[in-house]
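Worksheet: one structure, shown below.
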Amino acid sequence: MVIKSNQRTDDLSGLLLDWYDKNRRSLPWREDPAPYHVWLSEIMLQQTRVEAVRGYYARFLEALPTIEALAKADEDLCTKLWQGLGYYSRVRNLHKAAVQIIEDYDGAMPRTSRELQKLAGIGPYTAAAIASICFDERIPAIDGNLLRVFSRMTGYDEDIKSGAAKSAAAEFYDEIFPQKRCGDFNQALMDLGACVCVPNGAPQCEACPWQFCCHAKANGLCHELPYTAPKAARSIEHKTVFLIYYQGRLALRRRPDKGLLAGLYEYPNTDGTLTASEVPEYLRTLGFSAVQAHPLPAAKHIFTHKEWHMTGWEILADEWEEFTSGKPRKHELFLASASDLRDVFSIPSAFAKYTAQIRMDYLE
């Protein structure tokens with residue numbers, strides 16, 4: 001349920017903005033809040049911590065400094081620049097949206113949250129953030145930080161990830177939202193949630209400008225709110241991964257354009273945990289004949305809804321049927337050089353433990 005404060009709404013917004021002016025985080029996209037910069041940062045910050053984003057943000061802008069440059073870029077370059085951030089659908093949609101902006105909006109970022117949501121990968125939160133920060137639209141950018149602050153301020157004790165919770169939060173913030181400095185107000189709420197009304201550990205209530213009217217603080221509920229419904233158990237998938245070296249190159253393949261890790265590159269792998277006696281037969285299905293096969297360490301990667309439990313093999317091959325017969329093998333395997341791995345092909349972090357095992361002295 002929502003318990004509304006009796007405090008005057010202009011007092012609440014003024015107190016928060018005063019706090020923000022004194023305590024705001026210095027972030028590169030805030031110091032130069034061009035629409036492209038804000039958009040890029042908001043996409044990068046989805047599911048990712050601020051400190052992890054800083055380096056990627058600078059590298060991406062150095063390579064692709066404008067929306068036009070992003071629209072013209074090859075998708076493989078975009079994913080390579082994104083490598084390590086994960087959730088690669090974000091960068092594919094970023095690229096698609098840049099093309100939309102060039103083709104449909106004459107290269108200028110749309111100025112309203114409604115229009116921004118027509119772009120690939122931009123939902124209600126990101127649209128509200130861009131529209132308020134760049135164009136001063138009066139709209140709350142409802143993310144996890146704003147939902148947590150709302151829940152503790154009002155005593156909202158139902159599932160905070162539900163649509164009903166987002167609607168209730170939007171109503172709450174609409175009542176206290178200022179008429180001016182709309183972008184600053186959203187960013188103040190983001191900072192309040194990220195630095196004071198924190199999700200894990202004890203919130204820093206003594207530093208909060210709204211502590212005097214917070215339901216959770218008054219009732220000792222800061223650790224109970226917000227409430228989140230239990231997650232379903234993740235499924236477990238077993239895989240066997242291969243680092244296959246042939247003629248100074250490493251075998252790779254591209255994943256399908258849809259589904260998990262869509263369109264990214266991977267090392268050949270198969271479902272299940274293959275034994276030493278089963279490895280040669282699987283390699284034959286790829287057209288390889290192995291001279292040496294050595295086991296690699298086991299690895300695990302956790303996705304949102306599933307886990308991969310992996311075993312690995314290092315393979316030195318002396319024959320590849322595709323090279324001798326010219327007949328394409330299944331899974332569209334190809335060979336990559338050391339420079340290809342470094343500069344061109346993006347290998348997702350799900351395979352990070354095997355990427356670390358690559359023998360660069362085997363590659364040209």
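So you can find residues: chains in the structure tokens are A, B, ... in the order shown, residues in each start at 1, and ligands are numbered from 1 in order.
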
Please report, as JSON lines, each residue of segment 8-44 of chain A lying at most 10 Å from segment 75-99 of chain A, together with the nearest pair of atoms and the separation in Å rounded to one decimal; use only C-alpha atoms, and order rows by chain and ascending residue number.
{"residue": "A:Tyr36", "atom": "CA", "partner": "A:Ala98", "partner_atom": "CA", "distance": 9.4}
{"residue": "A:Trp39", "atom": "CA", "partner": "A:Leu94", "partner_atom": "CA", "distance": 8.9}
{"residue": "A:Leu40", "atom": "CA", "partner": "A:Leu94", "partner_atom": "CA", "distance": 7.9}
{"residue": "A:Ile43", "atom": "CA", "partner": "A:Arg90", "partner_atom": "CA", "distance": 6.6}
{"residue": "A:Met44", "atom": "CA", "partner": "A:Leu85", "partner_atom": "CA", "distance": 7.7}

How would the residues just picked look written out with N, CA and C atoms as a PDB file, in the first residue's frame?
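What landed in part_30.pdb:
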ATOM      1  N   TYR A  36      23.400  12.310 -27.437  1.00  0.00           N
ATOM      2  CA  TYR A  36      24.068  11.048 -27.772  1.00  0.00           C
ATOM      3  C   TYR A  36      24.805  10.500 -26.559  1.00  0.00           C
ATOM      4  N   TRP A  39      22.256   9.173 -23.970  1.00  0.00           N
ATOM      5  CA  TRP A  39      21.664   7.941 -24.504  1.00  0.00           C
ATOM      6  C   TRP A  39      22.644   6.778 -24.354  1.00  0.00           C
ATOM      7  N   LEU A  40      23.888   6.970 -24.809  1.00  0.00           N
ATOM      8  CA  LEU A  40      24.888   5.910 -24.724  1.00  0.00           C
ATOM      9  C   LEU A  40      25.097   5.478 -23.276  1.00  0.00           C
ATOM     10  N   ILE A  43      22.122   3.396 -21.886  1.00  0.00           N
ATOM     11  CA  ILE A  43      22.096   2.027 -22.413  1.00  0.00           C
ATOM     12  C   ILE A  43      23.189   1.195 -21.751  1.00  0.00           C
ATOM     13  N   MET A  44      24.373   1.761 -21.600  1.00  0.00           N
ATOM     14  CA  MET A  44      25.464   1.030 -20.959  1.00  0.00           C
ATOM     15  C   MET A  44      25.162   0.724 -19.494  1.00  0.00           C
TER      16      MET A  44
END

Find the spatial neighbours of Arg24 of chain A, counting only C-alpha atoms, within a cut-off of 12 Å - ignore same-chain residues fewer than 6 positions away - and output them as a compact mmCIF listing (two decimals) with N, CA and C atoms, in the first residue's frame.
# COMPACT_ATOMS: atom_id res chain seq x y z
N LEU A 16 15.60 17.88 -2.11
CA LEU A 16 16.39 16.92 -2.87
C LEU A 16 17.33 17.63 -3.84
N LEU A 17 16.85 18.66 -4.51
CA LEU A 17 17.71 19.37 -5.45
C LEU A 17 18.85 20.08 -4.73
N ASP A 18 18.58 20.64 -3.55
CA ASP A 18 19.66 21.25 -2.74
C ASP A 18 20.70 20.20 -2.37
N ARG A 30 27.46 13.46 -17.51
CA ARG A 30 26.83 14.63 -16.87
C ARG A 30 27.60 15.90 -17.19
N GLU A 31 28.91 15.80 -17.27
CA GLU A 31 29.72 16.98 -17.54
C GLU A 31 29.57 17.43 -18.99
N ASP A 184 17.74 17.25 -13.63
CA ASP A 184 18.48 17.22 -12.36
C ASP A 184 17.70 16.46 -11.30
N PHE A 185 16.39 16.60 -11.30
CA PHE A 185 15.59 15.91 -10.29
C PHE A 185 15.67 14.39 -10.49
N ASN A 186 15.57 13.93 -11.72
CA ASN A 186 15.72 12.50 -11.97
C ASN A 186 17.11 12.02 -11.57
N GLN A 187 18.12 12.78 -11.91
CA GLN A 187 19.49 12.37 -11.56
C GLN A 187 19.72 12.42 -10.05
N ALA A 188 19.05 13.36 -9.38
CA ALA A 188 19.14 13.41 -7.92
C ALA A 188 18.53 12.16 -7.31
N LEU A 189 17.40 11.72 -7.85
CA LEU A 189 16.77 10.49 -7.37
C LEU A 189 17.67 9.29 -7.64
N MET A 190 18.30 9.26 -8.82
CA MET A 190 19.22 8.16 -9.13
C MET A 190 20.37 8.12 -8.13
N ASP A 191 20.95 9.30 -7.84
CA ASP A 191 22.06 9.36 -6.88
C ASP A 191 21.61 9.01 -5.48
N LEU A 192 20.42 9.44 -5.11
CA LEU A 192 19.89 9.12 -3.79
C LEU A 192 19.78 7.60 -3.62
N ALA A 194 21.37 5.27 -5.46
CA ALA A 194 22.65 4.58 -5.65
C ALA A 194 23.62 4.79 -4.50
N CYS A 195 23.54 5.94 -3.83
CA CYS A 195 24.56 6.28 -2.84
C CYS A 195 24.05 6.35 -1.40
N VAL A 196 22.76 6.55 -1.21
CA VAL A 196 22.20 6.72 0.14
C VAL A 196 21.17 5.65 0.45

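Of note, atom CA of Ala169 of chain A and atom CA of Ile142 of chain A are spaced 7.5 Å apart.
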
Please return, as a compact mmCIF listing (two decimals) with C-alpha atoms, in the first residue's frame, all residues of segment 295-348 of chain A that DSSP assigns to strand (DSSP E) on the basis of the backbone.
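Written output follows (part.txt):
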# COMPACT_ATOMS: atom_id res chain seq x y z
CA PRO A 295 41.51 -31.10 -20.90
CA LEU A 296 40.91 -27.50 -19.80
CA PRO A 297 39.52 -26.29 -16.44
CA ALA A 298 35.80 -26.41 -15.78
CA ALA A 299 33.90 -23.12 -15.86
CA LYS A 300 30.49 -21.75 -14.92
CA HIS A 301 28.56 -18.76 -16.20
CA ILE A 302 25.31 -17.47 -14.76
CA LYS A 306 20.01 -20.27 -16.67
CA GLU A 307 23.51 -21.43 -15.83
CA TRP A 308 26.11 -22.95 -18.10
CA HIS A 309 28.35 -25.56 -16.49
CA MET A 310 31.24 -26.11 -18.90
CA THR A 311 34.17 -28.41 -19.41
CA GLY A 312 36.82 -27.67 -22.02
CA TRP A 313 39.38 -29.19 -24.34
CA GLU A 314 42.46 -27.79 -26.05
CA ILE A 315 42.84 -29.37 -29.49
CA LEU A 316 45.81 -29.28 -31.86
CA ALA A 317 44.49 -30.37 -35.27
CA ASP A 318 46.52 -31.56 -38.23
CA GLU A 319 43.66 -31.83 -40.68
CA TRP A 320 40.45 -29.95 -41.43
CA PHE A 334 36.11 -20.33 -39.61
CA LEU A 335 39.67 -19.67 -38.47
CA ALA A 336 40.78 -16.50 -36.65

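Proximity to Ser337 of chain A was assessed for A:Gln247, A:Thr66, A:Gln211, A:Ser235 counting only C-alpha atoms; the smallest distance is recorded for A:Gln247.
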
Go through segment 165-363 of chain A and collect every residue that DSSP, computed from the backbone, puts in helix (DSSP H, G or I); the answer should be as a PyMOL selection string.
-> chain A and resi 165-176+182-196+205-207+211-213+215-219+279-286+321-325+338-343+349-355+360-362
